$ cat entry-v5.txt   # compact mmCIF, C-alpha atoms
# COMPACT_ATOMS: atom_id res chain seq x y z
CA MET A 25 18.34 -1.63 27.71
CA GLN A 26 15.15 -2.79 26.05
CA ARG A 27 14.74 -1.78 22.45
CA PRO A 28 11.72 0.38 21.57
CA ILE A 29 8.72 -1.20 19.86
CA ILE A 30 7.25 -0.60 16.42
CA LEU A 31 3.69 -1.81 16.05
CA VAL A 32 2.24 -2.95 12.72
CA LEU A 33 -1.50 -3.30 12.17
CA THR A 34 -2.35 -4.71 8.77
CA GLY A 35 -5.07 -6.75 7.10
CA ALA A 36 -7.11 -6.95 3.93
CA THR A 37 -9.10 -3.98 2.71
CA ALA A 38 -12.32 -3.23 4.65
CA THR A 39 -11.28 -5.11 7.79
CA GLY A 40 -11.40 -2.09 10.12
CA LYS A 41 -7.75 -1.11 10.46
CA THR A 42 -8.39 2.64 10.66
CA ALA A 43 -11.09 2.31 13.32
CA ALA A 44 -8.81 0.19 15.48
CA VAL A 45 -5.79 2.48 15.26
CA LEU A 46 -7.93 5.54 16.03
CA GLU A 47 -9.24 3.74 19.11
CA LEU A 48 -5.64 3.11 20.13
CA ALA A 49 -4.72 6.76 19.50
CA GLU A 50 -7.30 7.79 22.09
CA ARG A 51 -5.50 5.67 24.69
CA LEU A 52 -1.78 5.99 24.05
CA PRO A 53 0.77 8.50 22.74
CA ILE A 54 1.30 6.91 19.34
CA SER A 55 2.47 8.16 15.98
CA ILE A 56 0.36 6.76 13.13
CA ILE A 57 2.28 5.95 9.94
CA SER A 58 0.15 5.09 6.91
CA LEU A 59 1.02 1.84 5.17
CA ASP A 60 -1.12 2.59 2.11
CA SER A 61 0.20 3.15 -1.41
CA ALA A 62 -2.80 5.26 -2.48
CA MET A 63 -3.23 7.48 0.57
CA VAL A 64 0.11 9.10 -0.23
CA TYR A 65 -1.61 11.00 -3.07
CA ARG A 66 -3.34 14.33 -2.62
CA GLY A 67 -6.85 14.63 -4.01
CA MET A 68 -7.48 10.91 -3.70
CA ASP A 69 -9.66 10.76 -0.60
CA ILE A 70 -12.91 8.92 -1.23
CA GLY A 71 -11.55 5.93 -3.13
CA THR A 72 -8.76 5.39 -0.58
CA ALA A 73 -11.08 5.61 2.46
CA LYS A 74 -8.74 8.30 3.72
CA PRO A 75 -9.62 9.58 7.21
CA SER A 76 -11.44 12.91 7.22
CA ARG A 77 -9.61 16.20 7.67
CA GLU A 78 -11.06 16.46 11.17
CA ILE A 79 -9.66 13.06 12.11
CA LEU A 80 -6.28 13.81 10.55
CA ALA A 81 -6.16 17.09 12.48
CA ARG A 82 -6.79 15.25 15.75
CA HIS A 83 -4.65 12.22 14.94
CA PRO A 84 -2.07 13.08 12.24
CA HIS A 85 -1.03 10.27 9.91
CA ALA A 86 2.50 10.35 8.50
CA LEU A 87 2.79 9.54 4.76
CA VAL A 88 -0.70 10.76 3.87
CA ASP A 89 -1.07 13.48 1.18
CA ILE A 90 2.66 13.68 0.49
CA ARG A 91 2.62 13.24 -3.30
CA ASP A 92 0.79 14.67 -6.29
CA PRO A 93 -0.92 11.90 -8.31
CA ALA A 94 1.42 12.66 -11.22
CA GLU A 95 4.44 11.66 -9.10
CA PRO A 96 5.15 7.93 -8.76
CA TYR A 97 5.87 6.62 -5.26
CA SER A 98 7.85 3.43 -4.81
CA ALA A 99 8.48 0.86 -2.10
CA ALA A 100 11.96 2.34 -1.71
CA ASP A 101 10.41 5.78 -1.17
CA PHE A 102 8.13 4.28 1.44
CA VAL A 103 10.92 2.59 3.38
CA ALA A 104 12.95 5.80 3.51
CA ASP A 105 9.93 7.87 4.58
CA ALA A 106 8.67 5.30 7.08
CA ASP A 107 12.11 4.92 8.66
CA HIS A 108 12.25 8.69 9.12
CA ALA A 109 8.75 8.77 10.63
CA VAL A 110 9.68 5.99 13.07
CA ARG A 111 12.78 7.86 14.21
CA VAL A 112 10.75 11.04 14.69
CA ALA A 113 8.28 9.08 16.83
CA PHE A 114 11.03 7.59 18.97
CA ALA A 115 12.58 11.04 19.49
CA ALA A 116 9.20 12.30 20.71
CA GLN A 117 8.81 9.31 23.09
CA ARG A 118 5.86 7.99 21.11
CA THR A 119 5.13 4.50 19.82
CA PRO A 120 5.11 4.32 16.00
CA VAL A 121 2.22 2.33 14.55
CA LEU A 122 2.28 1.39 10.88
CA VAL A 123 -1.27 0.80 9.69
CA GLY A 124 -2.51 -0.19 6.26
CA GLY A 125 -2.76 -2.96 3.71
CA THR A 126 -0.07 -2.41 1.07
CA MET A 127 1.73 -5.70 1.56
CA LEU A 128 4.62 -4.91 -0.78
CA TYR A 129 5.43 -1.84 1.36
CA LEU A 130 5.20 -3.88 4.55
CA LYS A 131 7.54 -6.56 3.19
CA ALA A 132 10.01 -3.90 2.06
CA PHE A 133 9.88 -2.21 5.48
CA ARG A 134 10.21 -5.35 7.59
CA ASP A 135 12.83 -7.13 5.43
CA GLY A 136 14.64 -4.18 3.88
CA LEU A 137 15.46 -3.53 0.25
CA ALA A 138 18.60 -4.27 -1.69
CA PRO A 139 20.24 -1.14 -3.14
CA MET A 140 18.81 -0.65 -6.61
CA PRO A 141 19.42 1.70 -9.53
CA LYS A 142 17.38 4.86 -9.26
CA ALA A 143 14.37 5.42 -11.48
CA ASP A 144 15.17 6.62 -14.98
CA PRO A 145 12.39 8.79 -16.49
CA VAL A 146 13.55 8.15 -20.06
CA ILE A 147 13.60 4.36 -19.74
CA ARG A 148 10.33 4.38 -17.80
CA ALA A 149 8.69 6.41 -20.58
CA GLU A 150 10.01 3.92 -23.14
CA LEU A 151 8.55 1.00 -21.19
CA GLN A 152 5.19 2.71 -20.87
CA GLN A 153 5.15 3.40 -24.60
CA GLN A 154 5.92 -0.26 -25.30
CA ALA A 155 3.10 -1.26 -22.94
CA ARG A 156 0.67 0.93 -24.87
CA GLU A 157 1.79 -0.57 -28.18
CA LEU A 158 2.30 -4.23 -27.19
CA GLY A 159 0.42 -4.65 -23.91
CA TRP A 160 1.72 -5.56 -20.46
CA PRO A 161 1.63 -9.33 -21.18
CA ALA A 162 4.33 -8.77 -23.79
CA LEU A 163 6.48 -6.86 -21.31
CA TYR A 164 5.93 -9.58 -18.73
CA ALA A 165 7.20 -12.08 -21.30
CA GLN A 166 10.31 -9.89 -21.72
CA LEU A 167 10.83 -10.00 -17.94
CA GLN A 168 10.50 -13.78 -17.92
CA THR A 169 13.34 -13.90 -20.44
CA VAL A 170 15.77 -11.49 -18.75
CA ASP A 171 14.90 -12.20 -15.10
CA PRO A 172 12.85 -15.37 -14.59
CA VAL A 173 13.46 -15.33 -10.83
CA ALA A 174 11.91 -11.88 -10.39
CA ALA A 175 9.13 -12.68 -12.85
CA ALA A 176 8.14 -15.75 -10.82
CA GLY A 177 7.29 -13.50 -7.89
CA ILE A 178 5.36 -10.89 -9.88
CA HIS A 179 1.76 -11.28 -10.98
CA PRO A 180 1.46 -10.99 -14.79
CA HIS A 181 -1.08 -8.15 -14.33
CA ASN A 182 1.04 -6.12 -11.89
CA ALA A 183 2.19 -3.45 -14.32
CA ALA A 184 4.02 -1.37 -11.70
CA ARG A 185 6.30 -4.21 -10.62
CA ILE A 186 6.88 -5.43 -14.18
CA GLU A 187 7.88 -1.93 -15.18
CA ARG A 188 10.25 -1.53 -12.22
CA ALA A 189 11.93 -4.91 -12.77
CA LEU A 190 12.55 -4.15 -16.46
CA GLU A 191 13.74 -0.65 -15.59
CA VAL A 192 16.28 -2.05 -13.11
CA TYR A 193 17.54 -4.48 -15.73
CA ARG A 194 17.90 -1.78 -18.38
CA VAL A 195 19.49 0.80 -16.07
CA GLY A 196 21.79 -1.49 -14.11
CA GLY A 197 22.58 -4.06 -16.77
CA ARG A 198 21.73 -7.03 -14.54
CA PRO A 199 18.53 -8.65 -13.29
CA MET A 200 16.78 -7.34 -10.22
CA SER A 201 17.06 -10.79 -8.64
CA GLU A 202 20.86 -10.46 -8.68
CA TYR A 203 20.63 -7.32 -6.56
CA TRP A 204 18.56 -9.27 -4.05
CA THR A 205 21.15 -12.04 -3.70
CA ARG A 206 24.29 -9.90 -3.82
CA SER A 207 23.12 -7.11 -1.49
CA PRO A 208 20.18 -8.25 0.62
CA GLY A 209 18.33 -5.55 2.48
CA GLN A 210 18.69 -4.83 6.19
CA PRO A 211 15.55 -5.60 8.22
CA ALA A 212 13.73 -2.92 10.17
CA THR A 213 14.78 -4.39 13.50
CA LYS A 214 18.43 -3.70 12.64
CA ARG A 215 17.96 -0.46 10.69
CA LEU A 216 15.97 1.10 13.52
CA THR A 217 17.34 -0.89 16.48
CA ALA A 218 13.82 -1.81 17.50
CA GLN A 219 11.39 -4.64 18.15
CA LEU A 220 8.72 -5.25 15.54
CA LYS A 221 5.32 -6.51 16.70
CA GLU A 222 2.96 -7.34 13.85
CA PHE A 223 -0.78 -7.90 13.94
CA ALA A 224 -3.35 -8.64 11.25
CA LEU A 225 -7.11 -8.12 11.28
CA MET A 226 -8.50 -11.29 9.72
CA PRO A 227 -12.05 -11.82 8.42
CA VAL A 228 -14.12 -14.59 9.96
CA ASN A 229 -15.08 -15.81 6.49
CA ARG A 230 -14.77 -14.68 2.90
CA GLN A 231 -18.49 -13.99 2.49
CA GLN A 232 -18.55 -11.45 5.31
CA LEU A 233 -15.55 -9.69 3.80
CA HIS A 234 -17.26 -9.58 0.40
CA GLN A 235 -20.33 -8.03 1.99
CA ARG A 236 -18.23 -5.32 3.63
CA ILE A 237 -16.45 -4.61 0.37
CA ALA A 238 -19.72 -4.28 -1.54
CA ARG A 239 -21.06 -1.89 1.10
CA ARG A 240 -17.87 0.18 1.05
CA VAL A 241 -17.99 0.51 -2.74
CA GLU A 242 -21.63 1.55 -2.53
CA LEU A 243 -20.81 4.27 0.00
CA MET A 244 -17.79 5.52 -1.97
CA LEU A 245 -19.88 5.97 -5.10
CA ALA A 246 -22.60 7.72 -3.10
CA ASP A 247 -19.97 10.02 -1.56
CA GLY A 248 -18.74 11.14 -4.99
CA LEU A 249 -16.00 8.78 -6.15
CA VAL A 250 -16.86 9.33 -9.82
CA GLU A 251 -16.67 13.10 -9.35
CA GLU A 252 -13.34 12.77 -7.52
CA VAL A 253 -11.80 10.72 -10.32
CA SER A 254 -13.36 13.01 -12.93
CA ALA A 255 -11.50 15.96 -11.41
CA LEU A 256 -8.24 14.04 -11.74
CA TYR A 257 -9.13 12.96 -15.28
CA GLN A 258 -9.80 16.53 -16.36
CA ARG A 259 -6.39 17.73 -15.20
CA GLY A 260 -4.91 16.44 -18.44
CA ASP A 261 -1.51 15.48 -17.03
CA LEU A 262 -2.39 12.04 -15.66
CA HIS A 263 -2.55 8.73 -17.52
CA PRO A 264 -3.48 5.09 -16.80
CA GLU A 265 0.14 3.92 -16.41
CA LEU A 266 0.67 6.02 -13.28
CA PRO A 267 0.53 4.11 -9.96
CA SER A 268 -2.06 6.58 -8.66
CA VAL A 269 -4.46 5.95 -11.53
CA ARG A 270 -3.89 2.19 -11.34
CA SER A 271 -5.20 2.13 -7.75
CA VAL A 272 -8.27 -0.05 -7.26
CA GLY A 273 -11.43 1.98 -7.77
CA TYR A 274 -9.63 4.80 -9.56
CA ARG A 275 -8.65 2.59 -12.46
CA GLN A 276 -12.21 1.35 -12.97
CA VAL A 277 -13.72 4.84 -12.83
CA TRP A 278 -10.99 6.13 -15.17
CA GLU A 279 -11.88 3.43 -17.69
CA HIS A 280 -15.54 4.36 -17.32
CA LEU A 281 -14.71 8.01 -18.08
CA GLN A 282 -12.85 6.83 -21.17
CA GLY A 283 -15.98 5.00 -22.31
CA ALA A 284 -14.82 1.47 -21.53
CA ALA A 285 -17.72 0.73 -19.17
CA ASP A 286 -21.13 2.23 -18.50
CA GLN A 287 -22.31 3.68 -15.20
CA GLN A 288 -24.47 0.68 -14.32
CA ALA A 289 -21.56 -1.75 -14.58
CA LEU A 290 -19.25 0.40 -12.48
CA PRO A 291 -20.19 -0.76 -8.95
CA GLU A 292 -19.71 -4.42 -9.84
CA ARG A 293 -16.40 -3.77 -11.62
CA ILE A 294 -15.00 -1.91 -8.60
CA THR A 295 -16.34 -4.55 -6.20
CA VAL A 296 -14.76 -7.40 -8.16
CA ALA A 297 -11.41 -5.57 -8.36
CA THR A 298 -11.51 -4.88 -4.63
CA ARG A 299 -12.27 -8.52 -3.87
CA GLN A 300 -9.28 -9.52 -5.98
CA LEU A 301 -7.12 -7.07 -4.04
CA ALA A 302 -8.35 -8.55 -0.74
CA LYS A 303 -7.56 -12.05 -1.98
CA ARG A 304 -3.99 -11.02 -2.81
CA GLN A 305 -3.61 -9.35 0.58
CA LEU A 306 -4.81 -12.45 2.40
CA THR A 307 -2.39 -14.58 0.40
CA TRP A 308 0.48 -12.38 1.59
CA LEU A 309 -0.73 -12.55 5.20
CA ARG A 310 -0.99 -16.34 5.24
CA GLY A 311 2.69 -16.54 4.32
CA TRP A 312 3.80 -14.42 7.29
CA SER A 313 3.90 -14.96 11.04
CA LEU A 314 1.59 -12.24 12.36
CA THR A 315 -0.73 -12.27 15.36
CA PRO A 316 -4.34 -12.53 14.08
CA LEU A 317 -6.92 -10.23 15.67
CA ASP A 318 -10.72 -10.00 15.71
CA TRP A 319 -11.78 -7.65 12.94
CA ASP A 320 -15.18 -6.91 14.49
CA ASP A 321 -14.06 -5.21 17.71
CA PRO A 322 -11.84 -2.10 17.39
CA SER A 323 -11.77 -1.71 21.18
CA ALA A 324 -10.46 -5.25 21.68
CA THR A 325 -7.83 -4.73 19.01
CA ALA A 326 -6.77 -1.43 20.58
CA GLU A 327 -6.49 -3.13 23.97
CA ILE A 328 -4.17 -5.82 22.59
CA LEU A 329 -2.06 -3.24 20.79
CA SER A 330 -1.96 -1.14 23.94
CA ARG A 331 -0.61 -4.01 26.00
CA SER A 332 1.92 -4.82 23.27
CA ALA A 333 3.17 -1.23 23.24
CA GLY A 334 3.49 -1.07 27.01
CA ALA A 335 7.16 -1.91 27.14
CA SER A 336 8.09 0.91 24.78
CA LEU A 337 6.22 3.43 26.92
CA ALA A 338 7.67 2.35 30.26
$ encode --input "entry-v5.txt" --output "structure tokens"
Amino acid sequence: MQRPIILVLTGATATGKTAAVLELAERLPISIISLDSAMVYRGMDIGTAKPSREILARHPHALVDIRDPAEPYSAADFVADADHAVRVAFAAQRTPVLVGGTMLYLKAFRDGLAPMPKADPVIRAELQQQARELGWPALYAQLQTVDPVAAAGIHPHNAARIERALEVYRVGGRPMSEYWTRSPGQPATKRLTAQLKEFALMPVNRQQLHQRIARRVELMLADGLVEEVSALYQRGDLHPELPSVRSVGYRQVWEHLQGAADQQALPERITVATRQLAKRQLTWLRGWSLTPLDWDDPSATAEILSRSAGASLA
């Protein structure tokens, strides 16, 4: 008996992933599963390029609007939720399609995660306080001392992953890298008894991608991104160490609201941060074996995905 298929459509930001999967949804009975670490948060719509309510009503996306911005959401949370969404899709005789650009989530889903100590609010609060007093570079230096293997794979500016690695060390008493080697994760193909077919929308050249990013930032600001972040800022229960607030676009507007940058500098600061995100995403993609697709033709992409899903719908 042929195993069912899970489709993955990924790519750097602004490469047209949503348009392509919506085109596919018009053709096939699929279940869309968001692969985006910011779309999980309610009230964060403009800066995440979240599909409109009308689109979500017509084509529901699992793992969208499932968390309040004050609640952290981890790669482990994603794997558990995505696995559940895939099983629900299979039970309904639909093809699950993971779509988005959070590469850490994709790696965790496809390769599995080693069992890790659960989050500890007390230790996490202590780490965040140290970060405010000493700065994240100092905490990264701590991680290099206690777990050089994990530190080698974490960017010095990635506060979320630095925090988690130190938290694991303090809670479990041993480096995160030891958990990886002693109890490696189970890949999605085994966990879900399925085939995994992965595709990536790739830009023709970097300049075209930069142009799209600049245009997207311009539209987001015109649509009210500053007002959206201002509403979150005024809640009073959010802070810059939260993963939601650290999201690209939100972090820059938050800093603007705190007086760190003026309104005129904001578009360029968001654009530069988004370009840096795209560069990191493309670095991930070049290290994986995925089928590259034309980013300029959603219909062509949907056709390829449709043919790839055919076996699971037979």
$ atom_distance --input "entry-v5.txt" --atom1 "CA of Leu31 in chain A" --atom2 "CA of Pro93 in chain A"
28.3 Å
$ closest_residue --input "entry-v5.txt" --among "A:Val241, A:Thr119, A:Val146, A:Pro199" --to "Leu52 in chain A" --atoms "only C-alpha atoms"
A:Thr119
$ residues_around --input "entry-v5.txt" --residues "Ile328 in chain A" --least-positions-apart "5" --cutoff "9 Å" --atoms "all atoms listed in the file" --output "PyMOL selection string"
chain A and resi 317+323+333
$ atom_distance --input "entry-v5.txt" --atom1 "CA of Trp278 in chain A" --atom2 "CA of Thr42 in chain A"
26.2 Å
$ residues_near_point --input "entry-v5.txt" --point "(5.3, 7.0, 20.2)" --cutoff "10 Å" --atoms "only C-alpha atoms" --output "number ranges by chain"
A: 28-31, 52-56, 110-121, 333, 336-337
$ atom_distance --input "entry-v5.txt" --atom1 "CA of Lys142 in chain A" --atom2 "CA of Arg194 in chain A"
11.3 Å
$ axis_aligned_box --input "entry-v5.txt" --around "range 60-74 of chain A" --padding-each-side "5 Å" --output "lines of an AutoDock Vina configuration file"
center_x = -6.4
center_y = 8.6
center_z = -0.1
size_x = 23.1
size_y = 22.0
size_z = 17.7
$ closest_residue --input "entry-v5.txt" --among "A:Ala43, A:Leu137, A:Leu249, A:Ala326" --to "Tyr203 in chain A" --atoms "all atoms listed in the file"
A:Leu137
$ residues_around --input "entry-v5.txt" --residues "Glu265 in chain A" --least-positions-apart "3" --cutoff "8 Å" --atoms "all atoms listed in the file" --output "ChimeraX atom specification"
/A:152,183,269-270
$ closest_residue --input "entry-v5.txt" --among "A:Asp69, A:Asp92, A:Asp318, A:Glu50" --to "Pro227 in chain A" --atoms "only C-alpha atoms"
A:Asp318
$ residues_around --input "entry-v5.txt" --residues "Ile186 in chain A" --least-positions-apart "2" --cutoff "8 Å" --atoms "only C-alpha atoms" --output "ChimeraX atom specification"
/A:163-164,167,175,178,180,182-184,188-190
$ write_last_selection --input "entry-v5.txt" --atoms "C-alpha atoms" --output "CSV table (one decimal), in the frame of the given file"
chain,number,residue,atom,x,y,z
A,163,LEU,CA,6.5,-6.9,-21.3
A,164,TYR,CA,5.9,-9.6,-18.7
A,167,LEU,CA,10.8,-10.0,-17.9
A,175,ALA,CA,9.1,-12.7,-12.8
A,178,ILE,CA,5.4,-10.9,-9.9
A,180,PRO,CA,1.5,-11.0,-14.8
A,182,ASN,CA,1.0,-6.1,-11.9
A,183,ALA,CA,2.2,-3.4,-14.3
A,184,ALA,CA,4.0,-1.4,-11.7
A,188,ARG,CA,10.2,-1.5,-12.2
A,189,ALA,CA,11.9,-4.9,-12.8
A,190,LEU,CA,12.6,-4.2,-16.5
$ residues_around --input "entry-v5.txt" --residues "Arg275 in chain A" --least-positions-apart "4" --cutoff "12 Å" --atoms "all atoms listed in the file" --output "ChimeraX atom specification"
/A:62,71,249-250,253-254,256-257,262-271,279-282,284-285,290,293-294,297-298
$ closest_residue --input "entry-v5.txt" --among "A:His234, A:Thr169, A:Ile147, A:Leu122" --to "Val195 in chain A" --atoms "all atoms listed in the file"
A:Ile147
$ residues_near_point --input "entry-v5.txt" --point "(9.2, 8.9, -11.5)" --cutoff "7 Å" --atoms "only C-alpha atoms" --output "ChimeraX atom specification"
/A:95-96,143,145
$ closest_residue --input "entry-v5.txt" --among "A:Ala149, A:Met226, A:Leu306, A:Leu59" --to "Val32 in chain A" --atoms "all atoms listed in the file"
A:Leu59
$ closest_residue --input "entry-v5.txt" --among "A:Phe223, A:Ile57, A:Ala174, A:Gln305" --to "Thr205 in chain A" --atoms "all atoms listed in the file"
A:Ala174
$ residues_around --input "entry-v5.txt" --residues "range 301-303 of chain A" --least-positions-apart "5" --cutoff "8 Å" --atoms "all atoms listed in the file" --output "list in words"
Ala36, Thr37 and Val272 of chain A
